Amino acid sequence: MHNQPKRRQAAEFGFRVTSAHSQHNAAHLHVRSNANRPLRVMKFGGTSVGDAERIEKAAEIIEAAARHSDVVVVVSAMSGVTNKLLEAAAESEAGNSESVDLILRELRARHEQVAGVLIRATVERQFVSRQMRELFRQSETLCQEAIAEHRLTPQMRDSIASLGECLSAPLVASALTERGLTSEAIVATELIVTDANHGAADPYMDATRERCRARLRPLLQRGVVPVVTGFLGATSEGLLTTLGRGGSDYSATILGAALDADEVIIWTDVDGVLTADPRLVPQACTIPEISYREAADLAHFGAKVLHPKTLRPVMQSNIPVWIRNSFTPEHAGTAITSTGVASRGGEVKAVTAISKARMITLGGAGTAGVRDALGRAEAAVSAVRADTWLTTQSGLRDEICIAVSPAFAERAASALRGEFASELTQGQLDGVALGASVGIVTLVGQGFHHLSEIRERSLAALERAEIEIVAIGEAVSECNLSFVVTPTDVNETLIVLHEEFRLGQLDSQALPVKVL
Ligand code: ADP
Ligand code: ASP
Ligand code: MG
């Protein structure tokens with residue numbers, strides 16, 4: 001078992017890498033890995049590998065880390081690429097071959113251009129170009145198939161969507177090779193074994209652990225830096241799956257847990273987990289340390305900085321996860337640990353928002369008499385794998401409201417109609433109604449010991465700002481408190497609550513983490 005002090009070792013590697021690749025560095029980096037070297041999994045998000053310059057920067061960060069530790073790199077697709085690929089998939093299904101051609105042509109030109117800038121060695125550049133051509137050819141074939149049949153299976157969509165990571169991994173590996181490191185790009189279908197839930201697959205950890213150890217350990221022992229495609233895996237039969245949008249964070253912690261890494265570092269475009277999304281609340285500031293629980297709640301309630309499932313694989317083994325900014329690597333970022341650190345000024349640590357959700361209401365005078373209505377409603381919705389944010393039952397128990405992601409709203413509503421078919425027919429329930437879009441703004445903290453006080457303060461502040469509350473949701477654990485508002489009020493609600501709990505002021509924050 002790892003002890004805590006050993007695990008709190010973020011950022012001990014200085015990032016003042018000035019000269020790129022001296023002979024001395026190259027020789028040093030080829031020293032065989034040994035048991036004393038910590039193992040770090042480092043994930044670089046889309047903007048952190050968005051163009052040749054960003055890939056160079058990522059390579060510089062990896063090179064610095066590789067001096068002190070074994071490193072397994074996980075990469076996202078270059079920014080915007082997955083969106084484009086999903087667009088190509090949708091256009092294929094609609095039979096629009098011209099749009100598909102255009103998208104693939106543009107993507108190919110962008111990747112070729114980056115390869116041209118990054119890779120000076122002709123043989124290597126030709127090799128990577130050939131690899132890319134073959135990957136594009138495979139994707140074109142898939143799109144043609146979809147166009148011809150006017151049909152796209154979830155598995156075909158996953159295969160098309162995964163192209164971005166399959167292209168970025170060899171580019172990052174080449175950038176490392178250019179710096180004198182030995183590196184190998186690996187497609188995660190070789191490593192992450194998942195269920196067959198295309199588009200939102202989950203790993204089978206035992207099989208994944210076995211594969212990762214067999215494939216990655218020998219590379220690390222030889223001083224090779226593996227660069228693994230984020231976002232994807234494969235079923236045990238070998239069918240490619242994806243882990244969901246933003247899923248490369250999840251890939252990183254899956255690999256971290258499988259390899260029992262000392263830490264996972266998620267390199268992104270902000271200085272860690274902030275008190276709110278800085279794009280919506282400019283006063284937001286970095287939270288130096290936060291617990292798995294708080295970070296998971298933030299991600300669940302809309303903070304895009306982490307894929308909602310990111311912390312699941314590492315919580316049990318206590319592997320710390322760092323969120324750091326590849327644009328400002330000198331900044332320590334945020335440590336996500338088992339305990340976190342309590343805020344100094346109050347219990348509320350951050351505020352987050354889901355800009356669009358749908359409320360489904362199940363109700364009628366007879367609802368209170370329906371056996372275990374709430375439990376059955378929750379089970380029915382989760383059986384269709386709908387993302388659910390809130391479930392509330394009115395005081396008189398004559399109405400149950402469930403807030404779900406818009407993408408799953410219809411499916412969740414028909415699952416409820418199916419579950420309560422006999423009660424609906426007998427008139428015990430009036431119906432299942434799909435409401436208009438709503439926004440959900442959530443306060444997250446260590447545990448709200450003064451929940452009613454926090455609620456009253458929030459309500460008073462929102463009333464002063466003339467923001468109307470549609471509903472309030474409290475977690476059973478009392479670690480979060482959600483306000484349902486109309487979508488147009490989301491930004492204002494975030495700003496008001498951020499200010500009310502003085503989240504943007506440093507003295508209301510936790511003490512900075514001591515970097516060992
Ligand atoms: P990457 O491409 O590196 O995975 P993402 O765009 O997925 O990056 O996530 C980073 C973004 O998350 C930030 O640019 C920021 O706008 C957004 N974000 C939302 N909530 C938060 C928060 N509480 N702290 C930090 N960033 C947040
Ligand atoms: N490229 C994938 C996406 O855009 C996965 C990721 O970036 O994490 O969703
Ligand atoms: Mg992301």
# chains A, B, ... in the order shown; residues from 1 in each chain; ligands from 1
$ residues_near_ligand --ligand "ligand 1" --cutoff "10 Å" --atoms "only C-alpha atoms and all ligand atoms" --output "PyMOL selection string"
chain A and resi 43-50+75-80+245-249+266-281+284-287+295+298-299+301-307+323-326+334+349-354
$ residues_around --residues "Thr141 of chain A" --least-positions-apart "4" --cutoff "12 Å" --atoms "only C-alpha atoms" --output "list in words"
Ala89, Ser92, Ser97, Val100, Asp101, Leu104, Glu134, Leu135, Phe136, Arg137, Glu145, Ala146, Ile147, Ala148, Met156, Ser159 and Ile160 of chain A
$ write_last_selection --atoms "all heavy atoms" --output "compact mmCIF listing (two decimals), in the first residue's frame"
# COMPACT_ATOMS: atom_id res chain seq x y z
N ALA A 89 -19.62 11.70 -38.84
CA ALA A 89 -20.43 10.49 -38.63
C ALA A 89 -21.91 10.80 -38.89
O ALA A 89 -22.60 10.05 -39.59
CB ALA A 89 -20.22 9.97 -37.21
N SER A 92 -22.59 11.29 -42.50
CA SER A 92 -22.58 10.00 -43.21
C SER A 92 -23.94 9.34 -43.10
O SER A 92 -24.51 8.85 -44.07
CB SER A 92 -21.54 9.04 -42.61
OG SER A 92 -20.28 9.63 -42.62
N SER A 97 -22.35 12.89 -48.61
CA SER A 97 -20.96 12.49 -48.83
C SER A 97 -20.02 13.69 -49.04
O SER A 97 -18.87 13.64 -48.65
CB SER A 97 -20.85 11.50 -49.98
OG SER A 97 -21.27 12.11 -51.15
N VAL A 100 -18.92 15.03 -45.73
CA VAL A 100 -18.00 14.08 -45.09
C VAL A 100 -16.60 14.23 -45.69
O VAL A 100 -15.61 14.34 -44.96
CB VAL A 100 -18.51 12.63 -45.26
CG1 VAL A 100 -17.51 11.62 -44.70
CG2 VAL A 100 -19.86 12.47 -44.59
N ASP A 101 -16.55 14.29 -47.02
CA ASP A 101 -15.25 14.44 -47.70
C ASP A 101 -14.54 15.69 -47.23
O ASP A 101 -13.35 15.67 -46.94
CB ASP A 101 -15.45 14.58 -49.22
CG ASP A 101 -15.71 13.23 -49.85
OD1 ASP A 101 -15.60 12.23 -49.12
OD2 ASP A 101 -16.05 13.20 -51.05
N LEU A 104 -13.16 15.35 -43.63
CA LEU A 104 -11.99 14.47 -43.54
C LEU A 104 -10.77 15.11 -44.22
O LEU A 104 -9.64 14.99 -43.75
CB LEU A 104 -12.30 13.09 -44.12
CG LEU A 104 -13.33 12.27 -43.29
CD1 LEU A 104 -13.57 10.91 -43.92
CD2 LEU A 104 -12.88 12.09 -41.84
N GLU A 134 -3.36 5.72 -43.71
CA GLU A 134 -4.07 4.46 -43.51
C GLU A 134 -5.26 4.66 -42.55
O GLU A 134 -6.36 4.16 -42.78
CB GLU A 134 -3.09 3.40 -42.96
CG GLU A 134 -3.69 2.05 -42.60
CD GLU A 134 -4.48 1.39 -43.73
OE1 GLU A 134 -4.25 1.73 -44.91
OE2 GLU A 134 -5.37 0.55 -43.43
N LEU A 135 -5.05 5.46 -41.50
CA LEU A 135 -6.15 5.71 -40.55
C LEU A 135 -7.30 6.46 -41.23
O LEU A 135 -8.47 6.14 -41.03
CB LEU A 135 -5.63 6.51 -39.36
CG LEU A 135 -4.77 5.73 -38.36
CD1 LEU A 135 -4.02 6.67 -37.42
CD2 LEU A 135 -5.63 4.76 -37.56
N PHE A 136 -6.95 7.45 -42.05
CA PHE A 136 -7.99 8.19 -42.77
C PHE A 136 -8.71 7.27 -43.75
O PHE A 136 -9.94 7.36 -43.92
CB PHE A 136 -7.41 9.42 -43.49
CG PHE A 136 -7.33 10.63 -42.59
CD1 PHE A 136 -6.13 11.04 -42.05
CD2 PHE A 136 -8.49 11.33 -42.26
CE1 PHE A 136 -6.07 12.15 -41.21
CE2 PHE A 136 -8.44 12.44 -41.42
CZ PHE A 136 -7.23 12.85 -40.88
N ARG A 137 -7.94 6.38 -44.39
CA ARG A 137 -8.57 5.47 -45.34
C ARG A 137 -9.62 4.60 -44.63
O ARG A 137 -10.75 4.45 -45.11
CB ARG A 137 -7.49 4.58 -45.99
CG ARG A 137 -7.92 3.93 -47.30
CD ARG A 137 -6.95 2.85 -47.75
NE ARG A 137 -6.72 1.81 -46.74
CZ ARG A 137 -7.60 0.88 -46.38
NH1 ARG A 137 -8.78 0.83 -46.97
NH2 ARG A 137 -7.32 0.00 -45.44
N GLU A 145 -19.56 3.32 -45.93
CA GLU A 145 -20.49 2.26 -45.58
C GLU A 145 -21.78 2.87 -44.99
O GLU A 145 -22.89 2.48 -45.35
CB GLU A 145 -19.82 1.39 -44.51
CG GLU A 145 -20.23 -0.06 -44.51
CD GLU A 145 -19.47 -0.80 -43.43
OE1 GLU A 145 -18.21 -0.86 -43.51
OE2 GLU A 145 -20.10 -1.29 -42.49
N ALA A 146 -21.59 3.85 -44.10
CA ALA A 146 -22.75 4.49 -43.47
C ALA A 146 -23.57 5.24 -44.51
O ALA A 146 -24.80 5.22 -44.48
CB ALA A 146 -22.29 5.43 -42.37
N ILE A 147 -22.88 5.90 -45.46
CA ILE A 147 -23.58 6.66 -46.51
C ILE A 147 -24.41 5.69 -47.36
O ILE A 147 -25.59 5.92 -47.62
CB ILE A 147 -22.58 7.45 -47.37
CG1 ILE A 147 -21.96 8.59 -46.55
CG2 ILE A 147 -23.24 7.99 -48.63
CD1 ILE A 147 -20.75 9.24 -47.17
N ALA A 148 -23.77 4.58 -47.74
CA ALA A 148 -24.45 3.61 -48.61
C ALA A 148 -25.67 3.03 -47.92
O ALA A 148 -26.72 2.84 -48.54
CB ALA A 148 -23.47 2.51 -49.01
N MET A 156 -19.87 1.81 -35.15
CA MET A 156 -19.27 2.59 -36.25
C MET A 156 -19.00 4.02 -35.79
O MET A 156 -17.95 4.60 -36.07
CB MET A 156 -20.19 2.61 -37.48
CG MET A 156 -20.23 1.29 -38.22
SD MET A 156 -21.69 1.21 -39.25
CE MET A 156 -21.16 2.09 -40.71
N SER A 159 -15.93 4.11 -33.72
CA SER A 159 -14.70 3.94 -34.51
C SER A 159 -14.33 5.24 -35.21
O SER A 159 -13.17 5.62 -35.26
CB SER A 159 -14.86 2.82 -35.54
OG SER A 159 -15.05 1.61 -34.87
N ILE A 160 -15.34 5.92 -35.75
CA ILE A 160 -15.06 7.19 -36.43
C ILE A 160 -14.59 8.24 -35.41
O ILE A 160 -13.59 8.93 -35.62
CB ILE A 160 -16.31 7.69 -37.20
CG1 ILE A 160 -16.65 6.71 -38.34
CG2 ILE A 160 -16.10 9.09 -37.76
CD1 ILE A 160 -18.01 6.92 -38.99
$ closest_residue --among "A:Pro226, A:Gly238, A:Gly340, A:Gly375" --to "Ala185 of chain A" --atoms "only C-alpha atoms"
A:Pro226
$ select_by_dssp --residues "segment 216-442 of chain A" --states "strand (DSSP E)" --output "ChimeraX atom specification"
/A:224-229,232-234,240-242,263-268,289-291,321-325,334-337,348-363,388-393,399-404,431-442
$ residues_around --residues "Leu86 of chain A" --least-positions-apart "3" --cutoff "8 Å" --atoms "only C-alpha atoms" --output "PyMOL selection string"
chain A and resi 82-83+89-90+157+160-161
$ residues_around --residues "Leu167 of chain A" --least-positions-apart "4" --cutoff "7 Å" --atoms "only C-alpha atoms" --output "PyMOL selection string"
chain A and resi 132+163+171
$ residues_around --residues "Ala461 of chain A" --least-positions-apart "5" --cutoff "10 Å" --atoms "only C-alpha atoms" --output "MDAnalysis selection string"
chainID A and resid 455:456 466:467 493 496:497 499:501
$ closest_residue --among "A:Ala169, A:Ala88, A:Val187, A:Val321" --to "Gln144 of chain A" --atoms "only C-alpha atoms"
A:Ala88
$ atom_distance --atom1 "atom CA of Val381 of chain A" --atom2 "atom CA of Ile360 of chain A"
10.4 Å
$ residues_around --residues "segment 256-262 of chain A" --least-positions-apart "2" --cutoff "9 Å" --atoms "only C-alpha atoms" --output "compact mmCIF listing (two decimals) with all heavy atoms, in the first residue's frame"
# COMPACT_ATOMS: atom_id res chain seq x y z
N HIS A 2 0.40 2.24 -0.64
CA HIS A 2 1.16 3.50 -0.65
C HIS A 2 0.77 4.34 0.54
O HIS A 2 -0.38 4.38 0.92
CB HIS A 2 0.82 4.27 -1.91
CG HIS A 2 1.28 3.57 -3.12
ND1 HIS A 2 2.48 3.79 -3.69
CD2 HIS A 2 0.68 2.59 -3.82
CE1 HIS A 2 2.60 3.01 -4.73
NE2 HIS A 2 1.52 2.27 -4.82
N LYS A 6 4.24 9.75 0.48
CA LYS A 6 4.89 9.38 -0.77
C LYS A 6 4.04 9.86 -1.96
O LYS A 6 4.54 10.26 -2.99
CB LYS A 6 5.04 7.87 -0.83
CG LYS A 6 5.79 7.43 -2.06
CD LYS A 6 5.70 5.94 -2.27
CE LYS A 6 6.05 5.59 -3.69
NZ LYS A 6 5.34 4.43 -4.15
N ARG A 7 2.74 9.81 -1.75
CA ARG A 7 1.85 10.16 -2.86
C ARG A 7 1.75 11.66 -3.10
O ARG A 7 1.36 12.08 -4.16
CB ARG A 7 0.47 9.61 -2.56
CG ARG A 7 0.43 8.11 -2.62
CD ARG A 7 -0.86 7.69 -3.22
NE ARG A 7 -0.98 6.26 -3.34
CZ ARG A 7 -0.58 5.60 -4.40
NH1 ARG A 7 -0.01 6.24 -5.40
NH2 ARG A 7 -0.76 4.31 -4.48
N ARG A 8 2.06 12.46 -2.08
CA ARG A 8 1.94 13.91 -2.26
C ARG A 8 3.20 14.48 -2.86
O ARG A 8 3.95 15.19 -2.23
CB ARG A 8 1.74 14.57 -0.89
CG ARG A 8 0.45 14.20 -0.25
CD ARG A 8 -0.53 15.35 -0.41
NE ARG A 8 -1.76 15.04 0.28
CZ ARG A 8 -1.95 15.35 1.55
NH1 ARG A 8 -1.03 15.99 2.22
NH2 ARG A 8 -3.09 15.03 2.11
N GLN A 9 3.52 14.11 -4.07
CA GLN A 9 4.80 14.56 -4.55
C GLN A 9 4.73 15.37 -5.83
O GLN A 9 5.66 15.45 -6.59
CB GLN A 9 5.71 13.35 -4.76
CG GLN A 9 5.07 12.32 -5.66
CD GLN A 9 5.78 11.01 -5.55
OE1 GLN A 9 6.97 10.99 -5.30
NE2 GLN A 9 5.07 9.92 -5.74
N PRO A 38 9.36 6.93 -9.32
CA PRO A 38 7.89 6.97 -9.26
C PRO A 38 7.29 6.82 -10.65
O PRO A 38 7.96 7.11 -11.66
CB PRO A 38 7.60 8.35 -8.69
CG PRO A 38 8.84 9.13 -8.81
CD PRO A 38 9.99 8.20 -8.97
N LEU A 39 6.07 6.37 -10.71
CA LEU A 39 5.38 6.25 -11.99
C LEU A 39 4.27 7.30 -12.07
O LEU A 39 3.43 7.39 -11.18
CB LEU A 39 4.78 4.85 -12.14
CG LEU A 39 3.87 4.65 -13.36
CD1 LEU A 39 4.62 4.89 -14.66
CD2 LEU A 39 3.27 3.25 -13.36
N ARG A 40 4.34 8.09 -13.12
CA ARG A 40 3.32 9.13 -13.32
C ARG A 40 2.56 8.86 -14.61
O ARG A 40 3.18 8.59 -15.64
CB ARG A 40 3.97 10.51 -13.43
CG ARG A 40 4.66 10.92 -12.17
CD ARG A 40 5.01 12.40 -12.21
NE ARG A 40 5.25 12.86 -10.88
CZ ARG A 40 6.45 12.92 -10.30
NH1 ARG A 40 7.54 12.59 -10.96
NH2 ARG A 40 6.58 13.33 -9.04
N VAL A 41 1.25 8.98 -14.52
CA VAL A 41 0.45 8.96 -15.75
C VAL A 41 0.12 10.41 -16.03
O VAL A 41 -0.38 11.13 -15.16
CB VAL A 41 -0.83 8.13 -15.57
CG1 VAL A 41 -1.71 8.24 -16.82
CG2 VAL A 41 -0.48 6.67 -15.30
N VAL A 72 3.83 7.44 -18.24
CA VAL A 72 2.92 6.93 -19.27
C VAL A 72 2.07 8.13 -19.69
O VAL A 72 1.47 8.79 -18.84
CB VAL A 72 2.03 5.80 -18.73
CG1 VAL A 72 0.96 5.41 -19.76
CG2 VAL A 72 2.87 4.58 -18.36
N MET A 205 -11.70 -3.82 -14.83
CA MET A 205 -10.38 -3.46 -14.32
C MET A 205 -9.40 -4.64 -14.23
O MET A 205 -8.21 -4.46 -14.47
CB MET A 205 -10.48 -2.75 -12.96
CG MET A 205 -10.88 -1.29 -13.06
SD MET A 205 -9.95 -0.29 -14.25
CE MET A 205 -8.36 -0.13 -13.49
N ASP A 206 -9.89 -5.83 -13.91
CA ASP A 206 -8.93 -6.95 -13.79
C ASP A 206 -8.26 -7.23 -15.12
O ASP A 206 -7.04 -7.33 -15.22
CB ASP A 206 -9.62 -8.21 -13.26
CG ASP A 206 -9.96 -8.05 -11.78
OD1 ASP A 206 -9.40 -7.12 -11.15
OD2 ASP A 206 -10.79 -8.83 -11.28
N THR A 208 -8.08 -5.23 -17.63
CA THR A 208 -7.30 -4.06 -18.04
C THR A 208 -5.95 -4.05 -17.34
O THR A 208 -4.91 -3.76 -17.95
CB THR A 208 -8.10 -2.76 -17.71
OG1 THR A 208 -9.33 -2.81 -18.43
CG2 THR A 208 -7.34 -1.51 -18.08
N ARG A 209 -5.97 -4.36 -16.05
CA ARG A 209 -4.72 -4.39 -15.27
C ARG A 209 -3.73 -5.38 -15.88
O ARG A 209 -2.57 -5.07 -16.10
CB ARG A 209 -5.06 -4.78 -13.83
CG ARG A 209 -3.97 -4.46 -12.83
CD ARG A 209 -4.45 -4.62 -11.41
NE ARG A 209 -5.36 -3.57 -11.01
CZ ARG A 209 -6.64 -3.74 -10.68
NH1 ARG A 209 -7.17 -4.95 -10.71
NH2 ARG A 209 -7.39 -2.72 -10.32
N GLU A 210 -4.26 -6.54 -16.21
CA GLU A 210 -3.40 -7.58 -16.79
C GLU A 210 -2.76 -7.10 -18.09
O GLU A 210 -1.56 -7.23 -18.30
CB GLU A 210 -4.27 -8.79 -17.10
CG GLU A 210 -3.75 -10.09 -16.53
CD GLU A 210 -4.81 -11.16 -16.73
OE1 GLU A 210 -4.93 -11.64 -17.86
OE2 GLU A 210 -5.52 -11.47 -15.75
N ARG A 211 -3.61 -6.54 -18.96
CA ARG A 211 -3.11 -6.06 -20.27
C ARG A 211 -2.09 -4.95 -20.09
O ARG A 211 -1.07 -4.92 -20.77
CB ARG A 211 -4.25 -5.52 -21.10
CG ARG A 211 -5.27 -6.54 -21.48
CD ARG A 211 -5.16 -6.86 -22.96
NE ARG A 211 -6.31 -7.64 -23.34
CZ ARG A 211 -7.20 -7.26 -24.24
NH1 ARG A 211 -7.06 -6.10 -24.85
NH2 ARG A 211 -8.20 -8.03 -24.55
N CYS A 212 -2.41 -4.00 -19.20
CA CYS A 212 -1.52 -2.84 -19.03
C CYS A 212 -0.17 -3.29 -18.52
O CYS A 212 0.88 -2.82 -18.98
CB CYS A 212 -2.12 -1.84 -18.05
SG CYS A 212 -3.48 -0.93 -18.76
N ARG A 213 -0.21 -4.19 -17.56
CA ARG A 213 1.07 -4.62 -17.00
C ARG A 213 1.89 -5.38 -18.03
O ARG A 213 3.09 -5.16 -18.16
CB ARG A 213 0.83 -5.45 -15.74
CG ARG A 213 0.31 -4.52 -14.66
CD ARG A 213 0.06 -5.14 -13.35
NE ARG A 213 -0.44 -4.07 -12.48
CZ ARG A 213 -0.63 -4.16 -11.19
NH1 ARG A 213 -0.35 -5.28 -10.57
NH2 ARG A 213 -1.08 -3.14 -10.50
N LEU A 216 2.76 -2.53 -20.92
CA LEU A 216 3.47 -1.27 -20.61
C LEU A 216 4.70 -1.46 -19.73
O LEU A 216 5.70 -0.75 -19.89
CB LEU A 216 2.51 -0.27 -19.95
CG LEU A 216 1.30 0.14 -20.80
CD1 LEU A 216 0.40 1.09 -20.04
CD2 LEU A 216 1.75 0.80 -22.12
N ARG A 217 4.62 -2.40 -18.80
CA ARG A 217 5.77 -2.57 -17.90
C ARG A 217 7.08 -2.81 -18.66
O ARG A 217 8.08 -2.15 -18.37
CB ARG A 217 5.51 -3.73 -16.92
CG ARG A 217 4.60 -3.33 -15.77
CD ARG A 217 5.44 -3.23 -14.46
NE ARG A 217 4.64 -2.64 -13.41
CZ ARG A 217 3.92 -3.36 -12.55
NH1 ARG A 217 3.88 -4.68 -12.65
NH2 ARG A 217 3.24 -2.75 -11.60
N SER A 251 -9.60 7.68 -19.09
CA SER A 251 -8.54 6.76 -19.56
C SER A 251 -7.31 6.88 -18.66
O SER A 251 -6.68 5.88 -18.31
CB SER A 251 -8.09 7.11 -20.98
OG SER A 251 -9.17 7.22 -21.84
N ALA A 252 -6.97 8.13 -18.30
CA ALA A 252 -5.74 8.35 -17.52
C ALA A 252 -5.83 7.70 -16.15
O ALA A 252 -4.88 7.06 -15.68
CB ALA A 252 -5.49 9.85 -17.37
N THR A 253 -6.99 7.83 -15.49
CA THR A 253 -7.09 7.24 -14.15
C THR A 253 -7.27 5.72 -14.24
O THR A 253 -6.83 5.00 -13.34
CB THR A 253 -8.23 7.87 -13.34
OG1 THR A 253 -9.43 7.83 -14.12
CG2 THR A 253 -7.90 9.31 -12.96
N ILE A 254 -7.86 5.24 -15.31
CA ILE A 254 -7.95 3.78 -15.50
C ILE A 254 -6.53 3.23 -15.60
O ILE A 254 -6.16 2.26 -14.94
CB ILE A 254 -8.77 3.43 -16.77
CG1 ILE A 254 -10.24 3.80 -16.57
CG2 ILE A 254 -8.62 1.96 -17.13
CD1 ILE A 254 -11.10 3.75 -17.84
N VAL A 264 -1.53 10.69 -10.95
CA VAL A 264 -2.04 10.96 -12.29
C VAL A 264 -2.08 12.47 -12.43
O VAL A 264 -2.58 13.16 -11.54
CB VAL A 264 -3.47 10.37 -12.47
CG1 VAL A 264 -4.06 10.77 -13.82
CG2 VAL A 264 -3.45 8.85 -12.31
N PRO A 313 -11.74 5.16 -10.68
CA PRO A 313 -10.71 4.11 -10.62
C PRO A 313 -9.65 4.33 -9.53
O PRO A 313 -9.03 3.37 -9.10
CB PRO A 313 -10.04 4.17 -12.01
CG PRO A 313 -10.99 4.90 -12.88
CD PRO A 313 -11.74 5.84 -11.99
N VAL A 314 -9.42 5.57 -9.12
CA VAL A 314 -8.28 5.84 -8.23
C VAL A 314 -8.67 6.03 -6.76
O VAL A 314 -7.80 6.06 -5.89
CB VAL A 314 -7.48 7.08 -8.69
CG1 VAL A 314 -6.76 6.81 -9.98
CG2 VAL A 314 -8.38 8.29 -8.83
N SER A 317 -7.55 3.14 -4.29
CA SER A 317 -6.12 2.98 -4.03
C SER A 317 -5.45 4.29 -3.64
O SER A 317 -4.24 4.35 -3.48
CB SER A 317 -5.44 2.35 -5.24
OG SER A 317 -5.92 2.95 -6.41
N ILE A 319 -4.76 7.06 -5.09
CA ILE A 319 -3.76 7.68 -5.99
C ILE A 319 -4.18 9.14 -6.20
O ILE A 319 -5.31 9.41 -6.61
CB ILE A 319 -3.73 6.94 -7.35
CG1 ILE A 319 -3.32 5.49 -7.14
CG2 ILE A 319 -2.77 7.65 -8.32
CD1 ILE A 319 -3.46 4.61 -8.38
N PRO A 320 -3.30 10.09 -5.87
CA PRO A 320 -3.70 11.48 -6.08
C PRO A 320 -3.77 11.85 -7.56
O PRO A 320 -3.01 11.33 -8.37
CB PRO A 320 -2.60 12.29 -5.38
CG PRO A 320 -1.47 11.39 -5.23
CD PRO A 320 -1.94 9.98 -5.34
$ select_by_dssp --residues "segment 168-214 of chain A" --states "alpha helix (DSSP H)" --output "ChimeraX atom specification"
/A:168-178,205-214
$ write_last_selection --atoms "C-alpha atoms" --output "PDB file, in the first residue's frame"
ATOM      1  CA  SER A 168      -2.576  12.593 -32.026  1.00  0.00           C
ATOM      2  CA  ALA A 169      -0.761   9.785 -30.201  1.00  0.00           C
ATOM      3  CA  PRO A 170       1.835   9.165 -32.973  1.00  0.00           C
ATOM      4  CA  LEU A 171       2.367  12.929 -33.276  1.00  0.00           C
ATOM      5  CA  VAL A 172       3.135  13.276 -29.560  1.00  0.00           C
ATOM      6  CA  ALA A 173       5.342  10.167 -29.638  1.00  0.00           C
ATOM      7  CA  SER A 174       7.256  11.655 -32.584  1.00  0.00           C
ATOM      8  CA  ALA A 175       7.725  14.947 -30.750  1.00  0.00           C
ATOM      9  CA  LEU A 176       9.297  12.980 -27.899  1.00  0.00           C
ATOM     10  CA  THR A 177      11.523  11.064 -30.299  1.00  0.00           C
ATOM     11  CA  GLU A 178      12.657  14.380 -31.763  1.00  0.00           C
ATOM     12  CA  MET A 205     -10.380  -3.464 -14.318  1.00  0.00           C
ATOM     13  CA  ASP A 206      -8.927  -6.945 -13.785  1.00  0.00           C
ATOM     14  CA  ALA A 207      -8.539  -7.617 -17.487  1.00  0.00           C
ATOM     15  CA  THR A 208      -7.302  -4.059 -18.042  1.00  0.00           C
ATOM     16  CA  ARG A 209      -4.720  -4.388 -15.266  1.00  0.00           C
ATOM     17  CA  GLU A 210      -3.401  -7.580 -16.788  1.00  0.00           C
ATOM     18  CA  ARG A 211      -3.109  -6.063 -20.269  1.00  0.00           C
ATOM     19  CA  CYS A 212      -1.518  -2.837 -19.032  1.00  0.00           C
ATOM     20  CA  ARG A 213       1.072  -4.623 -16.998  1.00  0.00           C
ATOM     21  CA  ALA A 214       1.958  -7.071 -19.749  1.00  0.00           C
TER      22      ALA A 214
END
$ closest_residue --among "A:His450, A:Arg464, A:Arg130, A:Lys309" --to "ligand 3" --atoms "only C-alpha atoms and all ligand atoms"
A:Lys309
$ closest_residue --among "A:Gln131, A:Thr242, A:Gln113, A:Gln126" --to "ligand 2" --atoms "only C-alpha atoms and all ligand atoms"
A:Thr242
$ residues_around --residues "Val370 of chain A" --least-positions-apart "5" --cutoff "10 Å" --atoms "only C-alpha atoms" --output "ChimeraX atom specification"
/A:376,397-398,420,423,428-429
$ closest_residue --among "A:Glu63, A:Ser291, A:Leu142, A:Gly364" --to "Gly223 of chain A" --atoms "only C-alpha atoms"
A:Glu63
$ atom_distance --atom1 "atom CA of Arg108 of chain A" --atom2 "atom CA of Glu149 of chain A"
24.7 Å
$ atom_distance --atom1 "atom 3 (C, counted along the ligand's line) of ligand 2" --atom2 "atom CA of Val228 of chain A"
14.7 Å
